[in-house]
$ cat structure_28.cif   # mmCIF, C-alpha atoms and all ligand atoms
data_coords
#
loop_
_atom_site.label_atom_id
_atom_site.label_comp_id
_atom_site.auth_asym_id
_atom_site.auth_seq_id
_atom_site.Cartn_x
_atom_site.Cartn_y
_atom_site.Cartn_z
CA MET A 1 -30.76 139.73 51.30
CA LEU A 2 -33.39 137.38 49.94
CA THR A 3 -33.39 136.99 46.16
CA SER A 4 -35.59 134.84 44.01
CA ILE A 5 -34.48 133.44 40.66
CA CYS A 6 -37.57 132.46 38.74
CA GLY A 7 -38.72 131.51 35.26
CA ILE A 8 -40.63 134.04 33.17
CA ASN A 9 -41.81 131.65 30.46
CA TRP A 10 -42.59 127.91 30.18
CA GLY A 11 -39.50 126.69 32.06
CA ASP A 12 -36.09 125.63 30.72
CA GLU A 13 -35.08 129.28 30.47
CA GLY A 14 -31.62 128.47 31.83
CA LYS A 15 -32.38 129.05 35.52
CA GLY A 16 -29.84 126.42 36.59
CA ARG A 17 -26.99 128.09 34.71
CA MET A 18 -27.92 131.55 36.06
CA VAL A 19 -28.18 130.24 39.64
CA ASP A 20 -24.78 128.61 39.16
CA LEU A 21 -23.34 131.92 37.97
CA LEU A 22 -25.02 134.19 40.52
CA SER A 23 -24.60 131.84 43.51
CA GLU A 24 -21.01 133.04 43.80
CA LYS A 25 -22.37 135.91 45.90
CA PHE A 26 -24.78 133.76 47.92
CA ASP A 27 -24.41 131.69 51.07
CA VAL A 28 -27.60 129.65 50.73
CA VAL A 29 -29.58 128.35 47.73
CA CYS A 30 -33.08 126.89 48.30
CA ARG A 31 -35.47 125.01 46.07
CA TYR A 32 -39.00 125.81 47.23
CA GLN A 33 -41.43 123.92 44.99
CA GLY A 34 -41.72 121.04 42.53
CA GLY A 35 -39.73 117.84 42.52
CA ASN A 36 -37.55 115.78 40.24
CA ASN A 37 -39.55 116.85 37.20
CA ALA A 38 -37.06 119.74 37.18
CA GLY A 39 -34.06 119.46 34.90
CA HIS A 40 -31.49 122.17 35.48
CA THR A 41 -28.35 121.91 33.38
CA VAL A 42 -25.14 123.51 34.58
CA VAL A 43 -21.85 123.56 32.69
CA ASN A 44 -18.83 124.88 34.59
CA GLU A 45 -15.14 124.19 35.02
CA ARG A 46 -15.96 120.99 36.94
CA GLY A 47 -18.03 119.46 34.13
CA LYS A 48 -21.63 119.17 32.99
CA PHE A 49 -24.26 118.50 35.64
CA ILE A 50 -27.96 117.79 35.46
CA LEU A 51 -29.86 118.57 38.64
CA ASN A 52 -33.39 117.39 39.30
CA LEU A 53 -33.90 117.77 43.04
CA LEU A 54 -30.71 119.34 44.35
CA PRO A 55 -30.39 123.13 44.21
CA SER A 56 -27.84 124.34 41.66
CA GLY A 57 -25.79 125.82 44.53
CA ILE A 58 -24.62 122.30 45.37
CA LEU A 59 -21.86 122.82 42.78
CA ARG A 60 -20.23 125.55 44.89
CA GLU A 61 -18.25 124.42 47.91
CA ASN A 62 -19.31 127.15 50.32
CA VAL A 63 -23.02 127.26 49.54
CA VAL A 64 -25.56 125.61 51.85
CA ASN A 65 -28.44 124.05 49.91
CA VAL A 66 -31.99 123.65 51.11
CA LEU A 67 -34.83 121.48 49.85
CA GLY A 68 -37.80 123.46 51.12
CA ALA A 69 -41.21 122.68 52.59
CA GLY A 70 -43.05 123.29 49.31
CA MET A 71 -41.16 120.53 47.51
CA VAL A 72 -42.13 116.96 46.74
CA ILE A 73 -39.16 114.62 47.09
CA ASP A 74 -38.76 111.25 45.43
CA ILE A 75 -36.33 109.74 47.96
CA ARG A 76 -35.07 107.02 45.61
CA HIS A 77 -34.35 109.63 42.94
CA LEU A 78 -32.62 111.82 45.54
CA ALA A 79 -30.38 108.91 46.59
CA GLU A 80 -29.45 108.30 42.94
CA GLU A 81 -28.85 111.98 42.24
CA VAL A 82 -26.65 112.37 45.32
CA SER A 83 -24.54 109.36 44.36
CA ARG A 84 -24.31 110.52 40.70
CA LEU A 85 -23.04 113.94 41.80
CA ARG A 86 -20.66 112.44 44.34
CA GLY A 87 -19.34 110.35 41.46
CA GLN A 88 -18.69 113.63 39.62
CA GLY A 89 -16.65 114.86 42.61
CA ILE A 90 -19.29 116.96 44.39
CA LYS A 91 -19.27 117.00 48.19
CA ILE A 92 -22.71 116.42 49.76
CA THR A 93 -23.00 116.30 53.56
CA PRO A 94 -25.50 117.45 56.22
CA GLU A 95 -23.37 120.61 56.38
CA ASN A 96 -24.22 121.71 52.83
CA LEU A 97 -27.59 120.00 52.27
CA LYS A 98 -30.64 120.51 54.46
CA ILE A 99 -34.02 118.92 53.77
CA SER A 100 -37.20 120.40 55.21
CA ASP A 101 -39.11 118.13 57.59
CA ARG A 102 -42.29 119.55 55.97
CA ALA A 103 -41.39 118.52 52.41
CA VAL A 104 -43.64 115.79 51.03
CA ILE A 105 -42.39 112.38 49.88
CA THR A 106 -43.19 111.25 46.35
CA MET A 107 -43.98 107.52 46.61
CA PRO A 108 -43.55 104.84 43.91
CA TYR A 109 -47.36 104.64 43.63
CA HIS A 110 -47.49 108.35 42.70
CA VAL A 111 -45.20 107.61 39.76
CA LEU A 112 -47.35 104.59 38.91
CA LEU A 113 -50.57 106.64 39.02
CA ASP A 114 -49.02 109.35 36.86
CA CYS A 115 -48.21 106.72 34.20
CA LEU A 116 -51.57 104.95 34.49
CA GLU A 117 -53.46 108.22 34.05
CA GLU A 118 -51.40 109.36 31.04
CA GLU A 119 -52.01 105.94 29.45
CA ARG A 120 -55.73 106.14 30.19
CA LEU A 121 -55.86 109.60 28.60
CA ALA A 122 -54.01 108.27 25.50
CA ASP A 123 -54.18 110.99 22.81
CA LYS A 124 -55.62 113.48 25.34
CA LYS A 125 -52.60 113.10 27.64
CA PHE A 126 -51.15 116.10 29.50
CA GLY A 127 -47.57 115.45 28.56
CA SER A 128 -46.64 114.74 32.19
CA THR A 129 -43.01 114.01 33.03
CA ARG A 130 -44.45 110.82 34.66
CA ARG A 131 -42.54 111.45 37.84
CA GLY A 132 -45.59 111.38 40.08
CA ILE A 133 -45.79 115.12 40.65
CA ALA A 134 -49.53 115.73 40.15
CA PRO A 135 -50.58 112.63 42.18
CA VAL A 136 -48.29 113.51 45.10
CA TYR A 137 -49.42 117.16 45.26
CA ALA A 138 -53.03 115.91 45.08
CA ASP A 139 -52.35 113.68 48.11
CA LYS A 140 -50.70 116.58 49.93
CA TYR A 141 -53.89 118.60 49.64
CA MET A 142 -55.97 115.50 50.48
CA LYS A 143 -53.81 115.33 53.63
CA LYS A 144 -52.84 111.77 52.78
CA ALA A 145 -49.17 112.31 52.04
CA PHE A 146 -46.02 111.45 53.99
CA ARG A 147 -43.59 114.19 54.98
CA MET A 148 -39.84 113.96 55.37
CA GLY A 149 -40.06 114.64 59.14
CA GLU A 150 -42.01 111.40 59.57
CA LEU A 151 -38.86 109.47 58.70
CA LEU A 152 -37.50 110.57 62.08
CA GLY A 153 -40.16 108.69 64.04
CA THR A 154 -40.72 105.55 62.06
CA GLU A 155 -43.11 103.67 64.39
CA LEU A 156 -45.89 106.12 63.64
CA LEU A 157 -44.90 106.26 59.98
CA TYR A 158 -45.16 102.51 59.49
CA LYS A 159 -48.61 102.53 61.09
CA ARG A 160 -49.75 105.29 58.74
CA VAL A 161 -48.36 103.45 55.72
CA LYS A 162 -50.85 100.65 56.24
CA GLU A 163 -53.79 103.07 56.43
CA ILE A 164 -52.73 105.15 53.46
CA VAL A 165 -51.89 102.18 51.24
CA GLU A 166 -55.34 100.73 51.95
CA TRP A 167 -56.90 104.01 50.80
CA LYS A 168 -54.57 104.28 47.79
CA ASN A 169 -55.50 100.83 46.58
CA LEU A 170 -59.10 102.00 46.16
CA THR A 171 -57.69 103.94 43.18
CA VAL A 172 -54.78 101.76 42.05
CA ALA A 173 -56.57 98.41 42.17
CA GLY A 174 -60.22 99.52 42.34
CA GLY A 175 -60.13 102.33 39.77
CA TYR A 176 -57.27 101.47 37.41
CA ARG A 177 -57.52 97.67 37.97
CA HIS A 178 -53.77 97.53 38.53
CA GLU A 179 -52.01 95.14 40.92
CA PRO A 180 -52.42 96.61 44.44
CA VAL A 181 -49.64 98.45 46.24
CA SER A 182 -48.06 96.44 49.08
CA ALA A 183 -47.71 98.21 52.44
CA ASP A 184 -44.75 95.99 53.36
CA GLU A 185 -42.95 96.98 50.20
CA MET A 186 -43.52 100.65 51.04
CA ILE A 187 -42.06 100.09 54.52
CA ASP A 188 -39.00 98.45 52.95
CA TYR A 189 -38.81 101.41 50.57
CA PHE A 190 -38.72 103.88 53.48
CA LYS A 191 -36.04 101.77 55.17
CA GLN A 192 -33.87 101.60 52.07
CA TYR A 193 -34.15 105.18 50.82
CA GLY A 194 -35.54 107.18 53.76
CA GLU A 195 -33.33 106.11 56.66
CA PRO A 196 -30.04 107.28 55.04
CA LEU A 197 -31.57 110.76 54.63
CA LYS A 198 -32.38 111.23 58.33
CA GLU A 199 -29.27 113.25 59.12
CA TYR A 200 -30.21 115.83 56.46
CA ILE A 201 -33.76 116.46 57.72
CA CYS A 202 -34.44 119.55 59.84
CA ASP A 203 -36.70 122.56 60.30
CA THR A 204 -35.36 124.65 57.42
CA GLY A 205 -37.35 127.61 58.79
CA VAL A 206 -35.14 127.74 61.89
CA TYR A 207 -32.00 127.39 59.77
CA LEU A 208 -33.03 130.07 57.24
CA ASN A 209 -34.19 132.56 59.86
CA GLU A 210 -30.86 132.26 61.62
CA ALA A 211 -28.97 132.59 58.36
CA ASN A 212 -31.00 135.69 57.55
CA LYS A 213 -30.34 137.23 60.97
CA ALA A 214 -26.64 136.60 60.49
CA GLY A 215 -26.83 138.69 57.30
CA LYS A 216 -26.34 135.79 54.88
CA ASN A 217 -27.41 136.08 51.26
CA ILE A 218 -30.20 133.65 50.51
CA MET A 219 -31.32 132.67 47.01
CA PHE A 220 -34.53 130.88 46.07
CA GLU A 221 -34.25 128.78 42.92
CA ALA A 222 -37.53 128.14 41.14
CA GLN A 223 -38.39 125.25 38.92
CA LEU A 224 -40.40 125.85 35.72
CA GLY A 225 -41.78 129.28 34.81
CA ALA A 226 -44.78 131.55 35.36
CA LEU A 227 -46.76 129.99 32.51
CA ARG A 228 -46.60 126.62 34.27
CA ASP A 229 -47.74 127.92 37.65
CA ILE A 230 -50.72 126.01 39.07
CA ASP A 231 -52.75 129.22 39.63
CA PHE A 232 -51.49 131.67 37.03
CA GLY A 233 -50.21 129.37 34.29
CA ILE A 234 -51.94 127.80 31.29
CA TYR A 235 -54.16 125.57 33.43
CA PRO A 236 -54.58 122.58 33.19
CA TYR A 237 -51.31 122.37 31.24
CA THR A 238 -49.43 123.57 34.27
CA SER A 239 -47.28 121.97 36.88
CA SER A 240 -48.92 121.20 40.23
CA SER A 241 -47.00 123.69 42.35
CA SER A 242 -46.54 127.42 42.65
CA THR A 243 -43.61 128.54 40.50
CA ILE A 244 -44.15 132.16 41.53
CA ALA A 245 -41.46 134.20 43.29
CA ALA A 246 -43.88 135.43 45.96
CA TYR A 247 -44.34 131.80 47.07
CA ALA A 248 -40.60 131.30 47.55
CA PRO A 249 -40.35 132.29 51.23
CA ILE A 250 -43.34 130.07 52.04
CA GLY A 251 -42.08 127.08 50.08
CA ALA A 252 -38.60 127.44 51.56
CA GLY A 253 -39.94 127.45 55.13
CA VAL A 254 -39.75 131.17 56.03
CA PRO A 255 -43.24 132.65 55.45
CA ASN A 256 -42.25 135.47 57.82
CA LEU A 257 -39.55 136.82 55.50
CA LYS A 258 -40.00 139.09 52.49
CA LEU A 259 -38.12 138.99 49.22
CA ASP A 260 -35.69 141.81 48.55
CA LYS A 261 -35.33 141.08 44.86
CA SER A 262 -36.86 138.97 42.12
CA ILE A 263 -34.65 138.15 39.12
CA GLY A 264 -36.57 136.70 36.19
CA ILE A 265 -34.87 134.33 33.78
CA MET A 266 -36.22 134.80 30.27
CA LYS A 267 -35.16 133.14 27.06
CA ALA A 268 -34.36 135.14 23.89
CA TYR A 269 -36.94 132.94 22.09
CA SER A 270 -39.66 130.56 23.30
CA SER A 271 -39.64 126.88 24.15
CA CYS A 272 -42.20 124.67 25.82
CA VAL A 273 -42.30 121.04 26.90
CA GLY A 274 -45.51 119.05 26.96
CA GLU A 275 -49.03 119.60 25.68
CA GLY A 276 -51.28 122.66 25.70
CA PRO A 277 -51.59 125.90 23.76
CA PHE A 278 -48.33 127.55 22.65
CA THR A 279 -49.47 130.48 20.56
CA ALA A 280 -46.29 131.48 18.74
CA GLU A 281 -45.22 127.89 17.99
CA TYR A 282 -43.07 127.13 14.95
CA PHE A 283 -43.72 123.93 13.01
CA GLY A 284 -41.87 121.97 10.34
CA GLU A 285 -38.59 123.36 9.07
CA ALA A 286 -38.82 126.58 11.09
CA ALA A 287 -39.12 124.51 14.28
CA GLU A 288 -36.32 122.13 13.27
CA LYS A 289 -33.96 125.03 12.66
CA LEU A 290 -34.55 126.72 16.02
CA ARG A 291 -34.62 123.42 17.94
CA ALA A 292 -31.30 122.39 16.45
CA ALA A 293 -29.71 125.82 17.04
CA GLY A 294 -30.88 125.87 20.68
CA GLY A 295 -30.34 122.16 21.45
CA GLU A 296 -33.92 122.09 22.67
CA TYR A 297 -34.28 118.64 24.12
CA GLY A 298 -35.51 118.22 27.73
CA ALA A 299 -32.82 117.85 30.42
CA ALA A 300 -35.09 115.61 32.56
CA THR A 301 -36.73 113.57 29.80
CA GLY A 302 -34.79 114.04 26.52
CA ARG A 303 -38.04 115.00 24.78
CA PRO A 304 -37.78 117.44 21.85
CA ARG A 305 -39.06 120.80 23.08
CA ARG A 306 -41.61 122.82 21.14
CA VAL A 307 -40.09 126.11 20.01
CA GLY A 308 -41.11 129.53 18.69
CA PRO A 309 -40.05 133.17 18.51
CA PHE A 310 -39.87 135.45 21.57
CA ASP A 311 -43.43 136.03 22.80
CA VAL A 312 -43.92 139.55 24.19
CA VAL A 313 -47.50 138.93 25.37
CA ALA A 314 -46.67 135.83 27.40
CA SER A 315 -43.37 137.25 28.69
CA ARG A 316 -44.90 140.53 29.89
CA TYR A 317 -47.45 138.46 31.80
CA GLY A 318 -44.69 136.25 33.22
CA ILE A 319 -42.71 139.31 34.34
CA ARG A 320 -45.81 140.68 36.07
CA CYS A 321 -46.59 137.36 37.83
CA GLN A 322 -43.00 137.06 39.02
CA GLY A 323 -42.78 140.70 40.12
CA ALA A 324 -39.42 140.65 38.36
CA ASP A 325 -37.20 143.61 39.26
CA GLU A 326 -34.71 142.66 36.57
CA ILE A 327 -34.22 140.09 33.85
CA ALA A 328 -31.44 137.76 32.75
CA LEU A 329 -31.99 137.12 29.04
CA THR A 330 -30.59 133.71 28.12
CA LYS A 331 -29.48 131.87 24.98
CA LEU A 332 -29.10 134.98 22.85
CA ASP A 333 -26.32 133.18 20.92
CA VAL A 334 -28.91 130.74 19.56
CA LEU A 335 -30.42 133.54 17.46
CA SER A 336 -27.07 134.02 15.70
CA ALA A 337 -28.42 131.44 13.24
CA TYR A 338 -30.83 134.04 11.78
CA GLU A 339 -30.47 136.88 9.29
CA GLU A 340 -33.88 138.12 10.36
CA ILE A 341 -35.42 137.41 13.74
CA GLU A 342 -39.14 137.15 14.34
CA ILE A 343 -40.83 138.43 17.51
CA CYS A 344 -44.44 137.80 18.51
CA THR A 345 -45.61 141.24 19.62
CA ALA A 346 -49.35 140.59 20.06
CA TYR A 347 -52.05 137.95 19.67
CA GLU A 348 -55.03 138.23 17.36
CA LEU A 349 -58.33 136.90 18.66
CA ASP A 350 -61.54 137.16 16.61
CA GLY A 351 -60.11 140.07 14.61
CA LYS A 352 -59.01 141.94 17.78
CA ARG A 353 -55.41 142.61 18.78
CA LEU A 354 -54.51 141.40 22.28
CA THR A 355 -51.49 142.64 24.17
CA GLU A 356 -52.50 141.30 27.62
CA PHE A 357 -52.19 137.55 28.13
CA PRO A 358 -55.77 136.19 28.07
CA PHE A 359 -57.63 133.57 30.13
CA PRO A 360 -56.02 130.32 28.90
CA ASP A 361 -59.16 128.81 27.37
CA VAL A 362 -59.08 131.25 24.42
CA LEU A 363 -55.38 130.69 23.66
CA ASP A 364 -56.19 127.94 21.16
CA ARG A 365 -57.97 130.53 19.04
CA CYS A 366 -55.24 133.18 19.29
CA LYS A 367 -52.94 133.76 16.32
CA PRO A 368 -49.48 135.25 16.81
CA VAL A 369 -48.78 138.71 15.34
CA LEU A 370 -45.18 138.46 14.13
CA GLU A 371 -42.75 141.26 13.42
CA LYS A 372 -39.26 140.96 12.00
CA VAL A 373 -36.05 142.62 13.12
CA LYS A 374 -32.58 142.47 11.63
CA GLY A 375 -30.35 139.73 13.04
CA TRP A 376 -26.57 139.86 13.62
CA HIS A 377 -25.87 136.51 12.00
CA CYS A 378 -22.42 135.99 13.49
CA ASP A 379 -20.91 134.19 16.46
CA ILE A 380 -21.47 136.13 19.71
CA SER A 381 -20.56 133.31 22.09
CA LYS A 382 -17.17 134.86 22.95
CA CYS A 383 -18.59 138.32 23.74
CA LYS A 384 -17.72 139.45 27.28
CA THR A 385 -18.95 143.06 27.38
CA VAL A 386 -21.72 145.09 25.76
CA ASN A 387 -19.13 146.64 23.45
CA ASP A 388 -18.28 143.20 22.07
CA LEU A 389 -21.90 142.63 20.97
CA PRO A 390 -22.92 143.48 17.40
CA LYS A 391 -25.21 146.51 17.18
CA GLU A 392 -28.13 144.37 15.98
CA ALA A 393 -27.85 142.21 19.11
CA ILE A 394 -27.86 145.32 21.33
CA ALA A 395 -30.89 146.61 19.41
CA TYR A 396 -32.69 143.26 19.92
CA ILE A 397 -32.04 143.34 23.70
CA ARG A 398 -33.15 147.00 23.94
CA LEU A 399 -36.30 146.24 21.93
CA ILE A 400 -37.21 143.42 24.30
CA GLU A 401 -36.54 145.67 27.29
CA LYS A 402 -38.86 148.29 25.80
CA LEU A 403 -41.64 145.89 24.82
CA CYS A 404 -41.52 144.07 28.17
CA GLU A 405 -40.93 147.22 30.25
CA CYS A 406 -38.26 145.52 32.30
CA LYS A 407 -34.52 146.08 32.73
CA ILE A 408 -32.25 143.35 31.35
CA THR A 409 -29.14 143.09 33.53
CA TYR A 410 -27.51 139.89 32.25
CA VAL A 411 -27.41 138.35 28.78
CA SER A 412 -26.11 134.82 28.39
CA VAL A 413 -24.37 133.85 25.17
CA GLY A 414 -23.39 130.25 25.89
CA ALA A 415 -24.04 127.42 28.32
CA GLU A 416 -20.72 127.78 30.15
CA ARG A 417 -20.57 129.65 33.44
CA GLU A 418 -18.56 132.60 32.09
CA ALA A 419 -20.42 132.95 28.77
CA TYR A 420 -22.42 136.04 29.64
CA VAL A 421 -22.48 139.81 29.30
CA LYS A 422 -23.42 142.21 32.12
CA PHE A 423 -25.81 144.50 30.29
CA HIS A 424 -26.52 147.40 32.68
P1 LIG B 501 -33.64 125.37 33.44
O1 LIG B 501 -34.60 124.24 33.60
O2 LIG B 501 -34.32 126.71 33.42
O3 LIG B 501 -32.51 125.35 34.42
O4 LIG B 501 -32.99 125.22 31.99
P2 LIG B 501 -32.47 123.87 31.29
O5 LIG B 501 -31.16 123.53 31.88
O6 LIG B 501 -33.53 122.84 31.27
O7 LIG B 501 -32.32 124.34 29.79
C1 LIG B 501 -31.42 125.31 29.40
C2 LIG B 501 -30.44 124.69 28.40
O8 LIG B 501 -29.78 125.70 27.71
C3 LIG B 501 -29.35 123.85 29.03
O9 LIG B 501 -29.00 122.81 28.15
C4 LIG B 501 -28.20 124.84 29.20
O10 LIG B 501 -26.92 124.22 29.23
C5 LIG B 501 -28.37 125.66 27.97
N1 LIG B 501 -27.98 127.06 28.10
C6 LIG B 501 -28.15 127.88 29.16
N2 LIG B 501 -27.77 129.14 28.85
C7 LIG B 501 -27.36 129.10 27.56
C8 LIG B 501 -26.89 130.09 26.65
O11 LIG B 501 -26.77 131.26 26.95
N3 LIG B 501 -26.60 129.67 25.38
C9 LIG B 501 -26.74 128.38 24.99
N4 LIG B 501 -26.44 128.07 23.74
N5 LIG B 501 -27.18 127.43 25.82
C10 LIG B 501 -27.50 127.78 27.08
MG MG B 502 -35.16 122.51 32.66
#

$ encode --input "structure_28.cif" --output "structure tokens"
Amino acid sequence: MLTSICGINWGDEGKGRMVDLLSEKFDVVCRYQGGNNAGHTVVNERGKFILNLLPSGILRENVVNVLGAGMVIDIRHLAEEVSRLRGQGIKITPENLKISDRAVITMPYHVLLDCLEEERLADKKFGSTRRGIAPVYADKYMKKAFRMGELLGTELLYKRVKEIVEWKNLTVAGGYRHEPVSADEMIDYFKQYGEPLKEYICDTGVYLNEANKAGKNIMFEAQLGALRDIDFGIYPYTSSSSTIAAYAPIGAGVPNLKLDKSIGIMKAYSSCVGEGPFTAEYFGEAAEKLRAAGGEYGAATGRPRRVGPFDVVASRYGIRCQGADEIALTKLDVLSAYEEIEICTAYELDGKRLTEFPFPDVLDRCKPVLEKVKGWHCDISKCKTVNDLPKEAIAYIRLIEKLCECKITYVSVGAEREAYVKFH
């Protein structure tokens, strides 16, 4: 069975916690896109963990974790993350971590260029996580990137470093007038952070095909959500990779395999990190209240997240892009703070009511159409079954199911592994 766990909205929907919960039934968990701009928070009986590059399955002893071909890997960050998790008692060996030889390496100069460009843009900045993601994906498509497999044959790699650094300095020193990148320093960088990773690098396609043949359950863990996808998201305020479930087998290294199931992770309200249009956004006190109730501060960056009510228009679009067969609705407990809950059911553009998510350029002119429903206004974080939920909470979930035309199978009511209700 191949299952994808993907984000329906702007990211930070709680994918990490759902992967942690659902991975009990899986043998393999793969990340297939993005890099250490991801911030997946998992709270379980072993503690609180923040994962940037490692799949959330790393927290389960019997799960094999794969960093797939579609990823960009900052090898220094990976070394730090591995040692941080080992310090928290997590076992990480070539037996339970496999890194695709096709995955691309994020270099220190990609991080530098990300920062230089955000500074150049000043008040027009994109709100990048400044972890080099856009520059490294750009180099991948320019065919000027390094891949993990190159670390296995370093003579050729060190020769290429000189050529690529010379080209890169046309931008770093020539364009941005910054101190040039040193090829020798990059070689030292590969030696320090790349060499120790050699034993983890393999053709993940071979591994995954064999696992599939042996009848193993394979999960693909996405980073970010549909609205941040490079093709289908709110471009240019997107990430630089494909966050879409259909890309998962490709990004993991098994383009020959087809997904059996796509599970979309969707938040009971909206949150968004970074710049760009966010139609149903709350401001002022309304935003403060929801942000505080939901603890909406970025796991990777600590930045306060922008927040708003549940957005039916954007979520329906996200569900369609992800081909979601079912939904896990997360953070429902956060809405316990409200006597009345707002939902954005449509957008208004030039006096017309929109229910389909539009081409992103008009989003700035769209106004949210808000409707109110009765809240439950009591603690639901200890609820274990549907019968434990107040009737208003059940009505809210059913309304979202109806408006989004998608079955909700799990509802999470707290950050801890067991704080959820099986809904269907
Ligand atoms: P991801 O990037 O999609 O994995 O999500 P993040 O980890 O960035 O953000 C989700 C945040 O919400 C984390 O701090 C989680 O611990 C927390 N969280 C997840 N599920 C729930 C829930 O049901 N209720 C509450 N209150 N917090 C949750
Ligand atoms: Mg996150």

$ residues_around --input "structure_28.cif" --residues "range 391-398 of chain A" --least-positions-apart "2" --cutoff "6 Å" --atoms "all atoms listed in the file" --output "ChimeraX atom specification"
/A:375-376,400-401

$ residues_near_point --input "structure_28.cif" --point "(-51.9, 99.3, 47.5)" --cutoff "9 Å" --atoms "all atoms listed in the file" --output "MDAnalysis selection string"
chainID A and resid 109 162 164:173 179:183

$ write_last_selection --input "structure_28.cif" --atoms "C-alpha atoms" --output "PDB file, in the frame of the given file"
ATOM      1  CA  TYR A 109     -47.360 104.640  43.630  1.00  0.00           C
ATOM      2  CA  LYS A 162     -50.850 100.650  56.240  1.00  0.00           C
ATOM      3  CA  ILE A 164     -52.730 105.150  53.460  1.00  0.00           C
ATOM      4  CA  VAL A 165     -51.890 102.180  51.240  1.00  0.00           C
ATOM      5  CA  GLU A 166     -55.340 100.730  51.950  1.00  0.00           C
ATOM      6  CA  TRP A 167     -56.900 104.010  50.800  1.00  0.00           C
ATOM      7  CA  LYS A 168     -54.570 104.280  47.790  1.00  0.00           C
ATOM      8  CA  ASN A 169     -55.500 100.830  46.580  1.00  0.00           C
ATOM      9  CA  LEU A 170     -59.100 102.000  46.160  1.00  0.00           C
ATOM     10  CA  THR A 171     -57.690 103.940  43.180  1.00  0.00           C
ATOM     11  CA  VAL A 172     -54.780 101.760  42.050  1.00  0.00           C
ATOM     12  CA  ALA A 173     -56.570  98.410  42.170  1.00  0.00           C
ATOM     13  CA  GLU A 179     -52.010  95.140  40.920  1.00  0.00           C
ATOM     14  CA  PRO A 180     -52.420  96.610  44.440  1.00  0.00           C
ATOM     15  CA  VAL A 181     -49.640  98.450  46.240  1.00  0.00           C
ATOM     16  CA  SER A 182     -48.060  96.440  49.080  1.00  0.00           C
ATOM     17  CA  ALA A 183     -47.710  98.210  52.440  1.00  0.00           C
TER      18      ALA A 183
END

$ atom_distance --input "structure_28.cif" --atom1 "CA of Gly264 in chain A" --atom2 "CA of Met18 in chain A"
10.1 Å

$ residues_around --input "structure_28.cif" --residues "Ile75 in chain A" --least-positions-apart "4" --cutoff "10 Å" --atoms "only C-alpha atoms" --output "PDB file with C-alpha atoms, in the frame of the given file"
ATOM      1  CA  ASN A  36     -37.550 115.780  40.240  1.00  0.00           C
ATOM      2  CA  LEU A  53     -33.900 117.770  43.040  1.00  0.00           C
ATOM      3  CA  ALA A  79     -30.380 108.910  46.590  1.00  0.00           C
ATOM      4  CA  GLU A  80     -29.450 108.300  42.940  1.00  0.00           C
ATOM      5  CA  GLU A  81     -28.850 111.980  42.240  1.00  0.00           C
ATOM      6  CA  VAL A 104     -43.640 115.790  51.030  1.00  0.00           C
ATOM      7  CA  ILE A 105     -42.390 112.380  49.880  1.00  0.00           C
ATOM      8  CA  THR A 106     -43.190 111.250  46.350  1.00  0.00           C
ATOM      9  CA  MET A 107     -43.980 107.520  46.610  1.00  0.00           C
ATOM     10  CA  PRO A 108     -43.550 104.840  43.910  1.00  0.00           C
ATOM     11  CA  MET A 148     -39.840 113.960  55.370  1.00  0.00           C
ATOM     12  CA  TYR A 189     -38.810 101.410  50.570  1.00  0.00           C
ATOM     13  CA  PHE A 190     -38.720 103.880  53.480  1.00  0.00           C
ATOM     14  CA  GLN A 192     -33.870 101.600  52.070  1.00  0.00           C
ATOM     15  CA  TYR A 193     -34.150 105.180  50.820  1.00  0.00           C
ATOM     16  CA  GLY A 194     -35.540 107.180  53.760  1.00  0.00           C
ATOM     17  CA  GLU A 195     -33.330 106.110  56.660  1.00  0.00           C
ATOM     18  CA  PRO A 196     -30.040 107.280  55.040  1.00  0.00           C
ATOM     19  CA  LEU A 197     -31.570 110.760  54.630  1.00  0.00           C
TER      20      LEU A 197
END

$ atom_distance --input "structure_28.cif" --atom1 "CA of Ile327 in chain A" --atom2 "CA of Asp388 in chain A"
20.1 Å

$ closest_residue --input "structure_28.cif" --among "A:Glu340, A:Asp184, A:Asp361, A:Asp27" --to "Glu163 in chain A" --atoms "only C-alpha atoms"
A:Asp184

$ atom_distance --input "structure_28.cif" --atom1 "CA of Lys382 in chain A" --atom2 "CA of Met219 in chain A"
28.0 Å

$ residues_near_ligand --input "structure_28.cif" --ligand "ligand MG 502 (chain B)" --cutoff "6 Å" --atoms "all atoms listed in the file" --output "JSON, numbers by chain"
{"A": [12, 38, 39, 40, 299]}

$ residues_around --input "structure_28.cif" --residues "range 202-206 of chain A" --least-positions-apart "2" --cutoff "6 Å" --atoms "only C-alpha atoms" --output "ChimeraX atom specification"
/A:100-101,208-209,253-254

$ residues_around --input "structure_28.cif" --residues "Arg60 in chain A" --least-positions-apart "4" --cutoff "8 Å" --atoms "all atoms listed in the file" --output "VMD selection string"
chain A and resid 20 23 to 24

$ write_last_selection --input "structure_28.cif" --atoms "C-alpha atoms" --output "PDB file, in the frame of the given file"
ATOM      1  CA  ASP A  20     -24.780 128.610  39.160  1.00  0.00           C
ATOM      2  CA  SER A  23     -24.600 131.840  43.510  1.00  0.00           C
ATOM      3  CA  GLU A  24     -21.010 133.040  43.800  1.00  0.00           C
TER       4      GLU A  24
END

$ closest_residue --input "structure_28.cif" --among "A:Ile201, A:Leu157, A:Val28, A:Leu59" --to "Ile187 in chain A" --atoms "all atoms listed in the file"
A:Leu157

$ residues_around --input "structure_28.cif" --residues "Lys258 in chain A" --least-positions-apart "2" --cutoff "12 Å" --atoms "only C-alpha atoms" --output "list in words"
Met1, Leu2, Thr3, Ser4, Asn209, Asn212, Ile218, Phe220, Ala245, Ala246, Tyr247, Ala248, Pro249, Ile250, Ala252, Gly253, Val254, Pro255, Asn256, Asp260, Lys261 and Ser262 of chain A
